[in-house]
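With PDB, C-alpha atoms inside, this is final.pdb:
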```
ATOM      1  CA  MET A  18      90.987  -8.851 279.714  1.00  0.00           C
ATOM      2  CA  ILE A  19      87.700 -10.789 279.692  1.00  0.00           C
ATOM      3  CA  ASP A  20      86.215  -8.227 282.069  1.00  0.00           C
ATOM      4  CA  GLU A  21      87.105  -5.362 279.717  1.00  0.00           C
ATOM      5  CA  PHE A  22      85.913  -7.327 276.679  1.00  0.00           C
ATOM      6  CA  GLY A  23      82.588  -8.050 278.344  1.00  0.00           C
ATOM      7  CA  ASN A  24      82.062  -4.385 279.169  1.00  0.00           C
ATOM      8  CA  ALA A  25      82.992  -3.356 275.631  1.00  0.00           C
ATOM      9  CA  LEU A  26      80.434  -5.804 274.216  1.00  0.00           C
ATOM     10  CA  ILE A  27      77.773  -4.526 276.610  1.00  0.00           C
ATOM     11  CA  ASP A  28      78.312  -0.938 275.445  1.00  0.00           C
ATOM     12  CA  HIS A  29      78.589  -1.828 271.764  1.00  0.00           C
ATOM     13  CA  ASN A  30      75.481  -4.027 271.700  1.00  0.00           C
ATOM     14  CA  GLY A  31      73.248  -2.176 274.179  1.00  0.00           C
ATOM     15  CA  LEU A  32      73.178  -4.977 276.765  1.00  0.00           C
ATOM     16  CA  TRP A  33      73.164  -2.768 279.878  1.00  0.00           C
ATOM     17  CA  ASP A  34      70.232  -4.417 281.680  1.00  0.00           C
ATOM     18  CA  TYR A  35      71.970  -7.184 283.641  1.00  0.00           C
ATOM     19  CA  SER A  36      68.646  -8.496 284.981  1.00  0.00           C
ATOM     20  CA  ASP A  37      67.412  -9.289 281.462  1.00  0.00           C
ATOM     21  CA  GLN A  38      68.173 -12.995 280.910  1.00  0.00           C
ATOM     22  CA  ASP A  39      67.947 -12.646 277.117  1.00  0.00           C
ATOM     23  CA  LYS A  40      70.603  -9.920 277.133  1.00  0.00           C
ATOM     24  CA  LEU A  41      72.790 -11.999 279.419  1.00  0.00           C
ATOM     25  CA  LYS A  42      72.480 -14.975 277.043  1.00  0.00           C
ATOM     26  CA  LYS A  43      73.339 -12.680 274.119  1.00  0.00           C
ATOM     27  CA  LEU A  44      76.483 -11.499 275.911  1.00  0.00           C
ATOM     28  CA  ILE A  45      77.572 -15.085 276.630  1.00  0.00           C
ATOM     29  CA  GLU A  46      76.895 -16.020 273.007  1.00  0.00           C
ATOM     30  CA  LEU A  47      79.018 -13.119 271.728  1.00  0.00           C
ATOM     31  CA  LEU A  48      81.879 -13.998 274.074  1.00  0.00           C
ATOM     32  CA  SER A  49      81.890 -17.689 273.122  1.00  0.00           C
ATOM     33  CA  THR A  50      81.594 -16.972 269.386  1.00  0.00           C
ATOM     34  CA  ASN A  51      84.551 -14.592 269.321  1.00  0.00           C
ATOM     35  CA  ILE A  52      86.745 -16.822 271.463  1.00  0.00           C
ATOM     36  CA  GLY A  53      85.967 -19.934 269.405  1.00  0.00           C
ATOM     37  CA  LEU A  54      86.361 -18.675 265.818  1.00  0.00           C
ATOM     38  CA  ARG A  55      86.619 -21.735 263.583  1.00  0.00           C
ATOM     39  CA  THR A  56      89.378 -22.454 261.117  1.00  0.00           C
ATOM     40  CA  VAL A  57      88.632 -22.497 257.412  1.00  0.00           C
ATOM     41  CA  SER A  58      90.366 -23.775 254.310  1.00  0.00           C
ATOM     42  CA  VAL A  59      91.518 -21.432 251.555  1.00  0.00           C
ATOM     43  CA  VAL A  60      92.801 -22.545 248.173  1.00  0.00           C
ATOM     44  CA  GLY A  61      96.162 -21.448 246.814  1.00  0.00           C
ATOM     45  CA  HIS A  62      98.124 -22.419 243.742  1.00  0.00           C
ATOM     46  CA  THR A  63     101.745 -23.483 243.833  1.00  0.00           C
ATOM     47  CA  TYR A  64     103.987 -23.255 240.792  1.00  0.00           C
ATOM     48  CA  GLU A  65     103.469 -26.966 240.119  1.00  0.00           C
ATOM     49  CA  SER A  66      99.673 -26.827 240.372  1.00  0.00           C
ATOM     50  CA  PHE A  67      99.517 -23.759 238.142  1.00  0.00           C
ATOM     51  CA  THR A  68     101.815 -25.057 235.403  1.00  0.00           C
ATOM     52  CA  LYS A  69     101.104 -28.800 235.500  1.00  0.00           C
ATOM     53  CA  GLU A  70      97.367 -28.652 236.201  1.00  0.00           C
ATOM     54  CA  ASN A  71      97.773 -30.407 239.542  1.00  0.00           C
ATOM     55  CA  LYS A  72      95.196 -29.839 242.253  1.00  0.00           C
ATOM     56  CA  PRO A  73      95.726 -26.591 244.160  1.00  0.00           C
ATOM     57  CA  LYS A  74      96.802 -26.664 247.788  1.00  0.00           C
ATOM     58  CA  HIS A  75      94.378 -26.111 250.670  1.00  0.00           C
ATOM     59  CA  PHE A  76      95.655 -24.062 253.592  1.00  0.00           C
ATOM     60  CA  ARG A  77      94.075 -23.920 257.025  1.00  0.00           C
ATOM     61  CA  CYS A  78      93.602 -20.467 258.497  1.00  0.00           C
ATOM     62  CA  HIS A  79      91.369 -18.703 261.009  1.00  0.00           C
ATOM     63  CA  PHE A  80      90.154 -15.715 259.078  1.00  0.00           C
ATOM     64  CA  GLY A  81      90.661 -16.060 255.322  1.00  0.00           C
ATOM     65  CA  VAL A  82      87.527 -14.450 253.931  1.00  0.00           C
ATOM     66  CA  ALA A  83      86.586 -11.680 251.532  1.00  0.00           C
ATOM     67  CA  LEU A  84      85.063  -8.702 253.317  1.00  0.00           C
ATOM     68  CA  ASN A  85      82.712  -7.459 250.628  1.00  0.00           C
ATOM     69  CA  GLN A  86      79.043  -6.787 250.070  1.00  0.00           C
ATOM     70  CA  SER A  87      78.306  -9.462 247.461  1.00  0.00           C
ATOM     71  CA  MET A  88      78.335 -12.868 249.127  1.00  0.00           C
ATOM     72  CA  GLU A  89      77.576 -16.023 247.191  1.00  0.00           C
ATOM     73  CA  ASN A  90      75.503 -17.638 249.911  1.00  0.00           C
ATOM     74  CA  GLU A  91      74.322 -17.286 253.489  1.00  0.00           C
ATOM     75  CA  LYS A  92      77.309 -19.230 254.781  1.00  0.00           C
ATOM     76  CA  ASP A  93      79.684 -16.622 253.322  1.00  0.00           C
ATOM     77  CA  VAL A  94      77.692 -13.823 254.954  1.00  0.00           C
ATOM     78  CA  LEU A  95      77.814 -15.501 258.369  1.00  0.00           C
ATOM     79  CA  ARG A  96      81.535 -16.134 257.999  1.00  0.00           C
ATOM     80  CA  SER A  97      82.224 -12.514 257.128  1.00  0.00           C
ATOM     81  CA  ASP A  98      80.172 -11.318 260.113  1.00  0.00           C
ATOM     82  CA  SER A  99      81.942 -13.677 262.502  1.00  0.00           C
ATOM     83  CA  VAL A 100      85.377 -12.556 261.293  1.00  0.00           C
ATOM     84  CA  ARG A 101      84.420  -8.886 261.625  1.00  0.00           C
ATOM     85  CA  ASN A 102      83.091  -9.506 265.146  1.00  0.00           C
ATOM     86  CA  ALA A 103      86.224 -11.442 266.078  1.00  0.00           C
ATOM     87  CA  PHE A 104      88.392  -8.516 264.945  1.00  0.00           C
ATOM     88  CA  ASN A 105      86.460  -6.428 267.486  1.00  0.00           C
ATOM     89  CA  SER A 106      87.852  -8.614 270.254  1.00  0.00           C
ATOM     90  CA  PRO A 107      91.237  -9.069 271.961  1.00  0.00           C
ATOM     91  CA  PHE A 108      91.616 -12.393 270.120  1.00  0.00           C
ATOM     92  CA  ARG A 109      92.596 -13.194 266.551  1.00  0.00           C
ATOM     93  CA  PRO A 110      92.452 -11.986 263.845  1.00  0.00           C
ATOM     94  CA  PHE A 111      94.762  -9.092 264.691  1.00  0.00           C
ATOM     95  CA  ILE A 112      94.979  -7.588 261.186  1.00  0.00           C
ATOM     96  CA  LEU A 113      92.110  -6.647 258.907  1.00  0.00           C
ATOM     97  CA  ALA A 114      92.745  -5.709 255.266  1.00  0.00           C
ATOM     98  CA  THR A 115      89.846  -4.292 253.311  1.00  0.00           C
ATOM     99  CA  THR A 116      88.982  -2.224 250.256  1.00  0.00           C
ATOM    100  CA  SER A 117      86.830   0.907 250.401  1.00  0.00           C
ATOM    101  CA  VAL A 118      83.928  -1.382 251.363  1.00  0.00           C
ATOM    102  CA  GLY A 119      85.261  -1.325 254.925  1.00  0.00           C
ATOM    103  CA  GLN A 120      85.342   2.464 255.237  1.00  0.00           C
ATOM    104  CA  GLU A 121      81.592   3.019 255.531  1.00  0.00           C
ATOM    105  CA  GLY A 122      79.184   1.859 258.196  1.00  0.00           C
ATOM    106  CA  LEU A 123      81.423  -0.719 259.897  1.00  0.00           C
ATOM    107  CA  ASP A 124      82.894  -0.467 263.398  1.00  0.00           C
ATOM    108  CA  PHE A 125      86.416  -1.693 264.111  1.00  0.00           C
ATOM    109  CA  HIS A 126      87.173   0.462 267.159  1.00  0.00           C
ATOM    110  CA  LEU A 127      86.813  -1.910 270.105  1.00  0.00           C
ATOM    111  CA  TYR A 128      90.353  -3.327 269.878  1.00  0.00           C
ATOM    112  CA  CYS A 129      92.037  -1.387 267.080  1.00  0.00           C
ATOM    113  CA  ARG A 130      93.722   2.025 267.205  1.00  0.00           C
ATOM    114  CA  LYS A 131      96.154   1.781 264.280  1.00  0.00           C
ATOM    115  CA  LEU A 132      95.147   2.454 260.693  1.00  0.00           C
ATOM    116  CA  LEU A 133      97.326   1.996 257.621  1.00  0.00           C
ATOM    117  CA  HIS A 134      96.117   3.920 254.559  1.00  0.00           C
ATOM    118  CA  TRP A 135      97.205   1.841 251.578  1.00  0.00           C
ATOM    119  CA  ASN A 136      96.575   4.907 249.437  1.00  0.00           C
ATOM    120  CA  LEU A 137      95.323   8.431 249.974  1.00  0.00           C
ATOM    121  CA  PRO A 138      91.613   9.008 249.274  1.00  0.00           C
ATOM    122  CA  ALA A 139      90.497  11.579 246.745  1.00  0.00           C
ATOM    123  CA  ASN A 140      88.847  13.884 249.273  1.00  0.00           C
ATOM    124  CA  PRO A 141      88.835  14.645 253.036  1.00  0.00           C
ATOM    125  CA  VAL A 142      85.383  13.112 253.517  1.00  0.00           C
ATOM    126  CA  ASP A 143      86.623   9.674 252.451  1.00  0.00           C
ATOM    127  CA  PHE A 144      89.676  10.159 254.669  1.00  0.00           C
ATOM    128  CA  GLU A 145      87.444  10.854 257.663  1.00  0.00           C
ATOM    129  CA  GLN A 146      85.192   7.910 256.765  1.00  0.00           C
ATOM    130  CA  ARG A 147      88.176   5.574 256.996  1.00  0.00           C
ATOM    131  CA  GLU A 148      89.423   6.919 260.303  1.00  0.00           C
ATOM    132  CA  GLY A 149      85.904   7.026 261.674  1.00  0.00           C
ATOM    133  CA  ARG A 150      85.910   3.223 261.753  1.00  0.00           C
ATOM    134  CA  ILE A 151      88.268   3.270 264.762  1.00  0.00           C
ATOM    135  CA  ASN A 152      87.759   6.804 266.128  1.00  0.00           C
ATOM    136  CA  ARG A 153      84.418   6.123 267.771  1.00  0.00           C
ATOM    137  CA  PHE A 154      82.534   6.033 271.081  1.00  0.00           C
ATOM    138  CA  LYS A 155      84.640   4.446 273.869  1.00  0.00           C
ATOM    139  CA  ASN A 156      87.277   3.318 271.383  1.00  0.00           C
ATOM    140  CA  LEU A 157      90.401   1.427 272.396  1.00  0.00           C
ATOM    141  CA  ALA A 158      92.587   4.539 272.789  1.00  0.00           C
ATOM    142  CA  ILE A 159      89.974   6.159 275.067  1.00  0.00           C
ATOM    143  CA  ARG A 160      89.738   3.093 277.309  1.00  0.00           C
ATOM    144  CA  GLN A 161      93.522   2.700 277.519  1.00  0.00           C
ATOM    145  CA  ASN A 162      94.052   6.362 278.409  1.00  0.00           C
ATOM    146  CA  ILE A 163      91.352   6.255 281.094  1.00  0.00           C
ATOM    147  CA  ALA A 164      92.757   3.024 282.552  1.00  0.00           C
ATOM    148  CA  VAL A 165      96.315   4.393 282.697  1.00  0.00           C
ATOM    149  CA  LYS A 166      95.232   7.734 284.170  1.00  0.00           C
ATOM    150  CA  TYR A 167      92.720   6.608 286.811  1.00  0.00           C
ATOM    151  CA  LYS A 168      93.516   3.019 287.787  1.00  0.00           C
ATOM    152  CA  SER A 169      95.463   4.201 290.839  1.00  0.00           C
ATOM    153  CA  GLN A 170      92.356   6.039 292.116  1.00  0.00           C
ATOM    154  CA  LEU A 171      90.116   2.984 292.247  1.00  0.00           C
ATOM    155  CA  GLN A 172      89.201   2.424 295.875  1.00  0.00           C
ATOM    156  CA  ASP A 173      87.743  -1.079 295.687  1.00  0.00           C
ATOM    157  CA  ILE A 174      88.744  -2.936 292.552  1.00  0.00           C
ATOM    158  CA  ASN A 175      87.220  -6.259 293.690  1.00  0.00           C
ATOM    159  CA  SER A 176      83.563  -5.220 293.631  1.00  0.00           C
ATOM    160  CA  GLY A 177      81.180  -3.621 291.170  1.00  0.00           C
ATOM    161  CA  ASN A 178      81.857  -2.656 287.586  1.00  0.00           C
ATOM    162  CA  VAL A 179      85.464  -1.458 287.339  1.00  0.00           C
ATOM    163  CA  TRP A 180      84.907   0.281 283.999  1.00  0.00           C
ATOM    164  CA  GLU A 181      81.901   2.207 285.255  1.00  0.00           C
ATOM    165  CA  LYS A 182      84.026   3.440 288.140  1.00  0.00           C
ATOM    166  CA  LEU A 183      86.844   4.447 285.777  1.00  0.00           C
ATOM    167  CA  TYR A 184      84.450   6.435 283.599  1.00  0.00           C
ATOM    168  CA  ASP A 185      82.931   8.070 286.681  1.00  0.00           C
ATOM    169  CA  LEU A 186      86.418   9.223 287.690  1.00  0.00           C
ATOM    170  CA  ALA A 187      87.049  10.480 284.155  1.00  0.00           C
ATOM    171  CA  ILE A 188      83.774  12.434 284.167  1.00  0.00           C
ATOM    172  CA  GLN A 189      84.640  14.045 287.501  1.00  0.00           C
ATOM    173  CA  ASN A 190      88.146  15.032 286.407  1.00  0.00           C
ATOM    174  CA  GLU A 191      87.901  15.578 282.640  1.00  0.00           C
ATOM    175  CA  LYS A 192      84.483  16.975 281.839  1.00  0.00           C
ATOM    176  CA  GLY A 193      84.185  20.367 283.558  1.00  0.00           C
ATOM    177  CA  ASN A 194      82.497  22.715 281.076  1.00  0.00           C
ATOM    178  CA  LYS A 195      83.416  20.567 278.098  1.00  0.00           C
ATOM    179  CA  SER A 196      80.974  18.917 275.690  1.00  0.00           C
ATOM    180  CA  ASP A 197      79.358  15.513 276.071  1.00  0.00           C
ATOM    181  CA  MET A 198      82.117  14.053 273.882  1.00  0.00           C
ATOM    182  CA  VAL A 199      84.289  14.005 277.019  1.00  0.00           C
ATOM    183  CA  PRO A 200      85.271  11.428 278.208  1.00  0.00           C
ATOM    184  CA  TYR A 201      83.619   8.983 275.778  1.00  0.00           C
ATOM    185  CA  TRP A 202      85.163  10.391 272.599  1.00  0.00           C
ATOM    186  CA  HIS A 203      88.085  12.367 273.978  1.00  0.00           C
ATOM    187  CA  VAL A 204      90.281  12.430 277.086  1.00  0.00           C
ATOM    188  CA  GLU A 205      93.619  14.059 277.778  1.00  0.00           C
ATOM    189  CA  PRO A 206      96.000  11.480 276.263  1.00  0.00           C
ATOM    190  CA  GLN A 207      98.533   9.549 278.331  1.00  0.00           C
ATOM    191  CA  ASN A 208     100.910   8.901 275.401  1.00  0.00           C
ATOM    192  CA  ILE A 209      98.280   6.627 273.841  1.00  0.00           C
ATOM    193  CA  PHE A 210      96.848   7.780 270.524  1.00  0.00           C
ATOM    194  CA  ILE A 211      94.882   6.680 267.524  1.00  0.00           C
ATOM    195  CA  GLU A 212      97.670   6.194 265.002  1.00  0.00           C
ATOM    196  CA  ARG A 213      97.513   6.679 261.249  1.00  0.00           C
ATOM    197  CA  GLN A 214     100.252   5.529 258.921  1.00  0.00           C
ATOM    198  CA  VAL A 215     100.465   6.613 255.298  1.00  0.00           C
ATOM    199  CA  PRO A 216     103.214   4.863 253.318  1.00  0.00           C
ATOM    200  CA  VAL A 217     104.144   7.039 250.341  1.00  0.00           C
ATOM    201  CA  ILE A 218     106.891   6.915 247.761  1.00  0.00           C
ATOM    202  CA  PRO A 219     109.260   9.915 247.960  1.00  0.00           C
ATOM    203  CA  TYR A 220     108.496  12.613 245.368  1.00  0.00           C
ATOM    204  CA  SER A 221     105.213  10.915 244.435  1.00  0.00           C
ATOM    205  CA  LYS A 222     101.818  12.630 244.112  1.00  0.00           C
ATOM    206  CA  GLY A 223     100.760  10.993 247.369  1.00  0.00           C
ATOM    207  CA  GLY A 224     103.676  12.561 249.204  1.00  0.00           C
ATOM    208  CA  LYS A 225     102.636  16.033 248.066  1.00  0.00           C
ATOM    209  CA  LYS A 226      99.098  15.496 249.376  1.00  0.00           C
ATOM    210  CA  ILE A 227     100.195  14.952 252.967  1.00  0.00           C
ATOM    211  CA  GLU A 228     100.115  18.214 254.874  1.00  0.00           C
ATOM    212  CA  LYS A 229     102.455  19.137 257.731  1.00  0.00           C
ATOM    213  CA  PRO A 230     100.047  18.060 260.523  1.00  0.00           C
ATOM    214  CA  PHE A 231     100.352  14.509 259.201  1.00  0.00           C
ATOM    215  CA  GLU A 232     104.153  14.385 258.936  1.00  0.00           C
ATOM    216  CA  ASN A 233     104.513  12.257 262.085  1.00  0.00           C
ATOM    217  CA  ASN A 234     101.691   9.980 260.877  1.00  0.00           C
ATOM    218  CA  ILE A 235     100.239   9.963 264.393  1.00  0.00           C
ATOM    219  CA  CYS A 236      97.192  11.812 265.660  1.00  0.00           C
ATOM    220  CA  LEU A 237      94.513  11.603 268.329  1.00  0.00           C
TER     221      LEU A 237
END
```
The structure given in the file should be rewritten as structure tokens.
Amino acid sequence: MIDEFGNALIDHNGLWDYSDQDKLKKLIELLSTNIGLRTVSVVGHTYESFTKENKPKHFRCHFGVALNQSMENEKDVLRSDSVRNAFNSPFRPFILATTSVGQEGLDFHLYCRKLLHWNLPANPVDFEQREGRINRFKNLAIRQNIAVKYKSQLQDINSGNVWEKLYDLAIQNEKGNKSDMVPYWHVEPQNIFIERQVPVIPYSKGGKKIEKPFENNICL
């Protein structure tokens, strides 16, 4: 797991030069930061505190933070960044809930392949913007499919970069005359897909918007 995580961070942050000590330090810093995400305290009212003007309760949690663009101070900005980076890891938090702020310019693809649309966007562009957060270069579904399909062909798993070898095998077997999107954006799936879920109320306007290709709520 740590080996895969390290390789994902190298690709995502452009840290390919292993001889560069600064890049190596950056990789170690990213690993340690995501593994050691600090707890925070969030405030919540109980019935007694709300009705009797008692002090609200403080709850400890690992990732309670507003993911938005207007932060009150630098500490809030750093906290939001650390939570977003931690979501792009195999460690907690495992669920990220966001408004439309999270559908543009942010990457959540390293360890997420399931997307729940709380509502349907007004146009296809916004729909694609949302799904583009997890349907990206070397996303989780791509890596899982490649690992399942080619792990048995690895000759020497104890030396070198295992993920480079897996991608080399995928290039040899998948690419052919296909575009450069193969195998980094698309491979023949091994029952592993990017999944979309759209909860709609029967006979609602949202239900009428969903076309037949989306009936199973699963796509690649």
Residue nearest A:Ser221 - candidates A:Leu44, A:Leu137, A:Ala114, A:Val60, atoms counted: all atoms listed in the file |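 Between A:Leu44, A:Leu137, A:Ala114, A:Val60, the residue approaching A:Ser221 most closely is A:Leu137.
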So what does the PyMOL selection byres ((chain A and resi 136) around 10) actually pick up in this one, as a VMD selection string?
-> chain A and resid 133 to 135 137 to 139 215 to 217 223
List the residues selected by the PyMOL selection byres ((chain A and resi 103-111) around 8) in the file shown, writing them as a ChimeraX atom specification.
-> /A:18,22,50-52,54,79-80,99-102,112-113,125-129
May I ask for the distance between atom CA of A:Glu121 and atom CA of A:Gln214, given in Å to one decimal place?
-> 19.1 Å
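Note that atom CA of A:Phe154 and atom CA of A:Asn190 are 18.6 Å apart.
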Written as a ChimeraX atom specification, what is the full residue list that the PyMOL selection byres ((chain A and resi 161) around 12) yields on the file shown?
-> /A:21,127-130,155-160,162-168,180,183-184,201,203-211
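For the pair atom CA of A:Ala25 and atom CA of A:Val179, the interatomic distance is 12.1 Å.
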